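Please read the structure below before turning to the comments.
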Amino acid sequence: MARKGKEVLNALDAAKTQMYHFTAIVIAGMGFFTDAYDLFSISLVTKLLGRIYYHVDGSKKPGTLPPNVASAVNGVAFCGTLAGQLFFGWLGDKLGRKKVYGITLMVMVLCSLGSGLSFGHSSNGVMATLCFFRFWLGFGIGGDYPLSATIMSEYANKKTRGAFIAAVFAMQGFGILAGGIVSLIVSSAFDHAFDAPTYEVDPVGSTVPQADYVWRIVLMFGAIPALLTYYWRMKMPETARFTALVARNTKQAAADMCKVLRVDLIAEEDPQSNLSSSNPNSFGLFSKEFARRHGLHLVGTATTWFLLDIAYYSSNLFQKDIYSAIGWIPAAETMNAIHEVYTVSRAQTLIALCGTVPGYWFTVALIDYLGRFFIQLMGFIFMTVFMFALAIPYDHWKHRDNRIGFLIMYSLTMFFANFGPNATTFVVPAEIFPARLRSTCHGISAASGKAGAIVGAFGFLYAAQSTDPKKTDAGYPPGIGVRNSLLMLGGVNFLGIVFTLLVPESKGKSLEELSREDEEQIGGGGRGGDATEMMDVANSGRTVPV
């Protein structure tokens with residue numbers, strides 16, 4: 001790396017934590033707030049969609065989404081997210097982080113609104129329109145993963161980088177919580193305004209016409225936080241690391257840093273910066289050199305994210321089914337349609353408040369002390385233990401007197417997912433790969449995770465069905481039951497422990513040290529002298545000539 005270019009990056013690593021770091025967390029984090037809100041809010045209203053659009057006259061139970069429709073509604077956003085992570089991850093390395101950052105947000109805003117405005121003359125028409133908008137909503141959400149993580153890692157100093165990236169991701173917890181709260185407020189308001197009997201008293205009257213507005217309002221609300229942060233995203237400069245290492249413009253990198261961080265840099269053109277692009281070590285993603293240096297790292301980040309999301313998303317998306325199975329949520333026929341939304345929302349909000357949100361922020365507080373590897377390994381271990389503790393004595397937890405114990409155990413499982421691999425699998429890929437491939441590799445790792453989410457979203461619907469054909473939901477074949485499904489998820493978490501061993505520790509190291517870019521682009525034997533000189537410059541607080 002050219003000496004003057006590295007001085008810019010060293011100044012960035014040594015910069016004190018200041019207001020712009022927190023501003024960047026909020027700007028990037030609101031995208032994740034919206035991501036989580038949009039991805040998880042659908043689980044709050046799927047039972048309502050079944051009652052409205054798939055009611056069967058004379059049935060003893062309320063209408064439910066047919067298996068193929070339920071799978072599509074729950075899983076299509078993940079398919080879009082997977083595609084968006086790969087596409088925008090690649091585009092972020094080609095065009096720059098900032099140029100595509102606003103695009104993802106506008107896609108999310110427009111498709112959140114479109115989801116709530118889904119139209120059609122038949123139930124299939126409404127569901128098809130909803131799935132169309134949710135696919136493209138997922139596409140925009142997918143872009144936010146690699147871009148937000150990469151932007152935050154490249155802005156942060158190395159001392160608190162883990163906490164900053166984790167804080168962006170932790171906004172997911174507030175998004176999940178907000179989804180539950182918005183759904184509680186909307187369903188409570190409609191339940192009081194439009195009194196309706198239970199399904200067993202009046203099957204048709206239990207679903208008032210106004211119930212159709214409830215799910216639309218809940219889904220459309222996700223556009224608001226994204227829209228509020230669009231202007232600020234457009235004001236963010238390109239990251240100095242992309243400008244210096246990929247665009248090869250150290251002068252512009254220094255100027256951009258001076259705008260947002262309290263760092264004094266004298267912007268001089270570096271005559272070597274344009275020469276480094278011809279460096280033979282500037283290997284590509286599919287090269288043997290990348291496989292030698294980072295191949296196992298990419299396998300580690302991709303497989304652990306894949307395994308985590310199988311367990312995490314199947315648990316989150318289908319909490320309502322687990323609660324119903326243990327009897328914590330009353331039987332559907334004993335409630336009207338809107339009150340059922342309220343009951344499901346209350347249960348998921350409680351879990352988010354007790355387990356999900358605290359777990360995220362424990363990671364933020366401790367990741368730069370305990371390290372990424374330790375937190376991820378610990379999280380997978382506890383998830384495995386608690387999942388087996390729920391599954392093996394499953395009949396015990398079904399008794400009314402033991403339901404509180406089940407909820408505590410389940411909350412602890414979600415706590416250690418978030419104070420564990422759900423956060424670290426997001427953080428590490430943004431740190432350990434070269435700048436010119438960082439967004440792409442994060443996108444690949446995240447897309448692998450979403451492949452796991454698709455397995456969970458589509459597979460758990462079928463797997464969790466009762467082994468007794470008489471007790472399955474309408475249209476579903478017999479499955480392996482909730483108990484065996486939880487056992488399988490415990491096994492998935494155990495595999496996460498094994499593959500975590502491929503993931504390196506990145507605590508306290510600069511991005512260039514982790515990606516070995518400081519080795520790639522320093523010529524001859526001048527490496528040690530330059531490194532020493534740069535540390536002296538950073539620690540002295542002097543103005544850095546660039």
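Identifiers in this document derive from the order of the structure tokens: chains are assigned A, B, ..., residues are numbered from 1 separately in each chain, and ligands are numbered from 1 in order of occurrence.
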
DSSP alpha helix (DSSP H) selection over stretch 435-507 of chain A, as a PyMOL selection string: chain A and resi 435-463+481-500

Residues near A:Tyr313, cut-off 7 Å, only C-alpha atoms, skip fewer than 5 positions along chain, as a PyMOL selection string: chain A and resi 453+456-457

Distance criterion (only C-alpha atoms): nearest to A:Arg438 out of A:Leu353, A:Ala149, A:Leu113, A:Ile181: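 Answer, going by the shortest atom-to-atom distance: A:Ala149.
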
Shell around A:Ile217 at 8 Å using only C-alpha atoms, local window under 3 positions removed, as number ranges by chain: A: 116, 186, 213-214, 220-221

Contact residues around A:Lys99 with only C-alpha atoms at 9 Å, ignoring same-chain residues under 6 positions, as a ChimeraX atom specification: /A:92,234,238

Interatomic distance, atom CA of A:Thr104 to atom CA of A:Thr160 (Å, one decimal):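 Taking atom CA of A:Thr104 as the start and atom CA of A:Thr160 as the end point, the length is 26.7 Å.
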
Spatial neighbours of stretch 504-514 of chain A, max dist 7 Å, only C-alpha atoms, sep filter under 4 positions, as a list in words: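 Close residues of stretch 504-514 of chain A: Asp13, Lys158, Lys159, Asp368, Gly371, Arg372, Phe373, Glu431, Ile432 and Asp518 of chain A.
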
With all heavy atoms retained, export the selected residues as a short mmCIF file (atom, residue, chain, number, x, y, z; two decimals), in the first residue's frame.
```cif
data_model
loop_
_atom_site.label_atom_id
_atom_site.label_comp_id
_atom_site.auth_asym_id
_atom_site.auth_seq_id
_atom_site.Cartn_x
_atom_site.Cartn_y
_atom_site.Cartn_z
N ASP A 13 -8.24 4.78 11.70
CA ASP A 13 -8.22 3.79 12.77
C ASP A 13 -8.01 4.42 14.14
O ASP A 13 -8.53 3.94 15.15
CB ASP A 13 -7.10 2.77 12.52
CG ASP A 13 -7.55 1.63 11.62
OD1 ASP A 13 -8.75 1.33 11.62
OD2 ASP A 13 -6.70 1.06 10.92
N LYS A 158 -10.52 1.21 15.00
CA LYS A 158 -10.38 -0.23 15.26
C LYS A 158 -10.68 -0.60 16.71
O LYS A 158 -11.01 -1.75 17.00
CB LYS A 158 -8.97 -0.71 14.88
CG LYS A 158 -7.82 -0.16 15.69
CD LYS A 158 -6.50 -0.72 15.17
CE LYS A 158 -5.31 -0.20 15.95
NZ LYS A 158 -4.04 -0.74 15.42
N LYS A 159 -10.62 0.36 17.62
CA LYS A 159 -10.85 0.06 19.02
C LYS A 159 -12.31 -0.28 19.30
O LYS A 159 -12.62 -1.18 20.09
CB LYS A 159 -10.43 1.24 19.89
CG LYS A 159 -10.55 0.99 21.38
CD LYS A 159 -10.08 2.19 22.18
CE LYS A 159 -10.23 1.95 23.68
NZ LYS A 159 -9.80 3.12 24.48
N ASP A 368 -16.14 -5.91 21.87
CA ASP A 368 -14.76 -5.46 21.76
C ASP A 368 -13.93 -5.83 23.00
O ASP A 368 -12.74 -5.52 23.06
CB ASP A 368 -14.70 -3.95 21.51
CG ASP A 368 -15.10 -3.59 20.09
OD1 ASP A 368 -14.60 -4.25 19.16
OD2 ASP A 368 -15.94 -2.69 19.91
N GLY A 371 -14.52 -10.42 22.36
CA GLY A 371 -14.12 -10.86 21.02
C GLY A 371 -15.27 -11.52 20.28
O GLY A 371 -16.21 -12.06 20.87
N ARG A 372 -15.17 -11.50 18.95
CA ARG A 372 -16.24 -12.06 18.11
C ARG A 372 -16.31 -13.57 18.23
O ARG A 372 -17.40 -14.15 18.34
CB ARG A 372 -15.99 -11.70 16.64
CG ARG A 372 -16.20 -10.25 16.25
CD ARG A 372 -15.12 -9.36 16.80
NE ARG A 372 -15.00 -8.10 16.08
CZ ARG A 372 -14.58 -6.99 16.66
NH1 ARG A 372 -14.28 -6.96 17.97
NH2 ARG A 372 -14.45 -5.88 15.96
N PHE A 373 -15.14 -14.22 18.19
CA PHE A 373 -15.10 -15.68 18.21
C PHE A 373 -15.73 -16.23 19.49
O PHE A 373 -16.55 -17.15 19.44
CB PHE A 373 -13.65 -16.16 18.08
CG PHE A 373 -13.50 -17.65 18.11
CD1 PHE A 373 -13.66 -18.40 16.96
CD2 PHE A 373 -13.20 -18.32 19.29
CE1 PHE A 373 -13.53 -19.78 16.99
CE2 PHE A 373 -13.07 -19.69 19.33
CZ PHE A 373 -13.23 -20.43 18.17
N GLU A 431 -15.23 -7.24 8.21
CA GLU A 431 -13.91 -6.88 8.73
C GLU A 431 -12.75 -7.64 8.09
O GLU A 431 -11.65 -7.11 8.01
CB GLU A 431 -13.86 -7.16 10.24
CG GLU A 431 -14.85 -6.37 11.07
CD GLU A 431 -14.76 -6.69 12.54
OE1 GLU A 431 -14.85 -7.88 12.91
OE2 GLU A 431 -14.59 -5.75 13.34
N ILE A 432 -12.95 -8.86 7.67
CA ILE A 432 -11.81 -9.74 7.39
C ILE A 432 -11.46 -9.86 5.91
O ILE A 432 -10.46 -10.51 5.58
CB ILE A 432 -12.06 -11.15 7.97
CG1 ILE A 432 -13.27 -11.83 7.32
CG2 ILE A 432 -12.22 -11.08 9.48
CD1 ILE A 432 -13.49 -13.26 7.79
N ASP A 518 -2.20 -4.66 3.85
CA ASP A 518 -0.94 -4.00 4.14
C ASP A 518 0.24 -4.81 3.59
O ASP A 518 1.31 -4.28 3.31
CB ASP A 518 -0.77 -3.77 5.64
CG ASP A 518 -0.99 -5.03 6.48
OD1 ASP A 518 -1.31 -6.08 5.88
OD2 ASP A 518 -0.84 -4.95 7.71
#
```

Residue contacts of A:Val299 (9 Å, only C-alpha atoms) excluding same-chain residues fewer than 5 positions away, as a list in words: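 Listing them by chain and then by number gives His294, Thr304, Ser445, Phe499, Leu502 and Val503 of chain A.
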
Minimum-distance residue to A:His55, chosen among A:Phe416, A:Tyr199, A:Phe426, A:Phe388 (using only C-alpha atoms):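 Ranking A:Phe416, A:Tyr199, A:Phe426, A:Phe388 by distance to A:His55, first place goes to A:Tyr199.
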
Give me, as a compact mmCIF listing (two decimals) with all heavy atoms, in the first residue's frame, all polymer residues having an atom no more than 8 Å from A:Leu44, counting only C-alpha atoms and skipping those fewer than 3 positions away in the same chain.
```
# COMPACT_ATOMS: atom_id res chain seq x y z
N PHE A 40 -40.30 -9.34 9.71
CA PHE A 40 -40.96 -10.09 10.79
C PHE A 40 -42.42 -9.70 11.01
O PHE A 40 -43.17 -10.45 11.63
CB PHE A 40 -40.17 -9.94 12.10
CG PHE A 40 -38.85 -10.64 12.09
CD1 PHE A 40 -37.67 -9.94 11.97
CD2 PHE A 40 -38.79 -12.02 12.19
CE1 PHE A 40 -36.45 -10.59 11.96
CE2 PHE A 40 -37.57 -12.69 12.17
CZ PHE A 40 -36.40 -11.97 12.06
N SER A 41 -42.82 -8.53 10.53
CA SER A 41 -44.21 -8.11 10.77
C SER A 41 -45.21 -9.00 10.04
O SER A 41 -46.37 -9.11 10.46
CB SER A 41 -44.41 -6.64 10.35
OG SER A 41 -44.13 -6.46 8.98
N LYS A 47 -52.19 -15.13 10.24
CA LYS A 47 -53.44 -15.76 10.69
C LYS A 47 -54.65 -14.92 10.27
O LYS A 47 -55.70 -15.46 9.89
CB LYS A 47 -53.42 -15.95 12.21
CG LYS A 47 -52.51 -17.09 12.68
CD LYS A 47 -52.58 -17.28 14.18
CE LYS A 47 -51.72 -18.45 14.65
NZ LYS A 47 -52.31 -19.75 14.29
N GLY A 180 -44.17 -5.50 16.71
CA GLY A 180 -45.15 -5.98 17.68
C GLY A 180 -45.96 -4.86 18.30
O GLY A 180 -47.19 -4.99 18.47
N SER A 183 -48.43 -3.39 15.74
CA SER A 183 -49.53 -4.35 15.56
C SER A 183 -50.46 -4.36 16.77
O SER A 183 -51.69 -4.46 16.63
CB SER A 183 -48.95 -5.74 15.31
OG SER A 183 -49.97 -6.66 15.02
N VAL A 341 -54.96 -11.22 16.28
CA VAL A 341 -53.77 -10.43 15.93
C VAL A 341 -53.17 -9.82 17.19
O VAL A 341 -51.95 -9.84 17.39
CB VAL A 341 -54.11 -9.33 14.90
CG1 VAL A 341 -52.89 -8.44 14.63
CG2 VAL A 341 -54.61 -9.94 13.60
N VAL A 344 -51.39 -12.61 19.32
CA VAL A 344 -50.12 -13.02 18.73
C VAL A 344 -49.07 -11.92 18.89
O VAL A 344 -47.92 -12.18 19.25
CB VAL A 344 -50.31 -13.38 17.24
CG1 VAL A 344 -48.96 -13.60 16.56
CG2 VAL A 344 -51.18 -14.63 17.09
N SER A 345 -49.47 -10.68 18.65
CA SER A 345 -48.55 -9.54 18.76
C SER A 345 -48.05 -9.37 20.19
O SER A 345 -46.87 -9.07 20.41
CB SER A 345 -49.24 -8.25 18.29
OG SER A 345 -49.71 -8.37 16.97
```
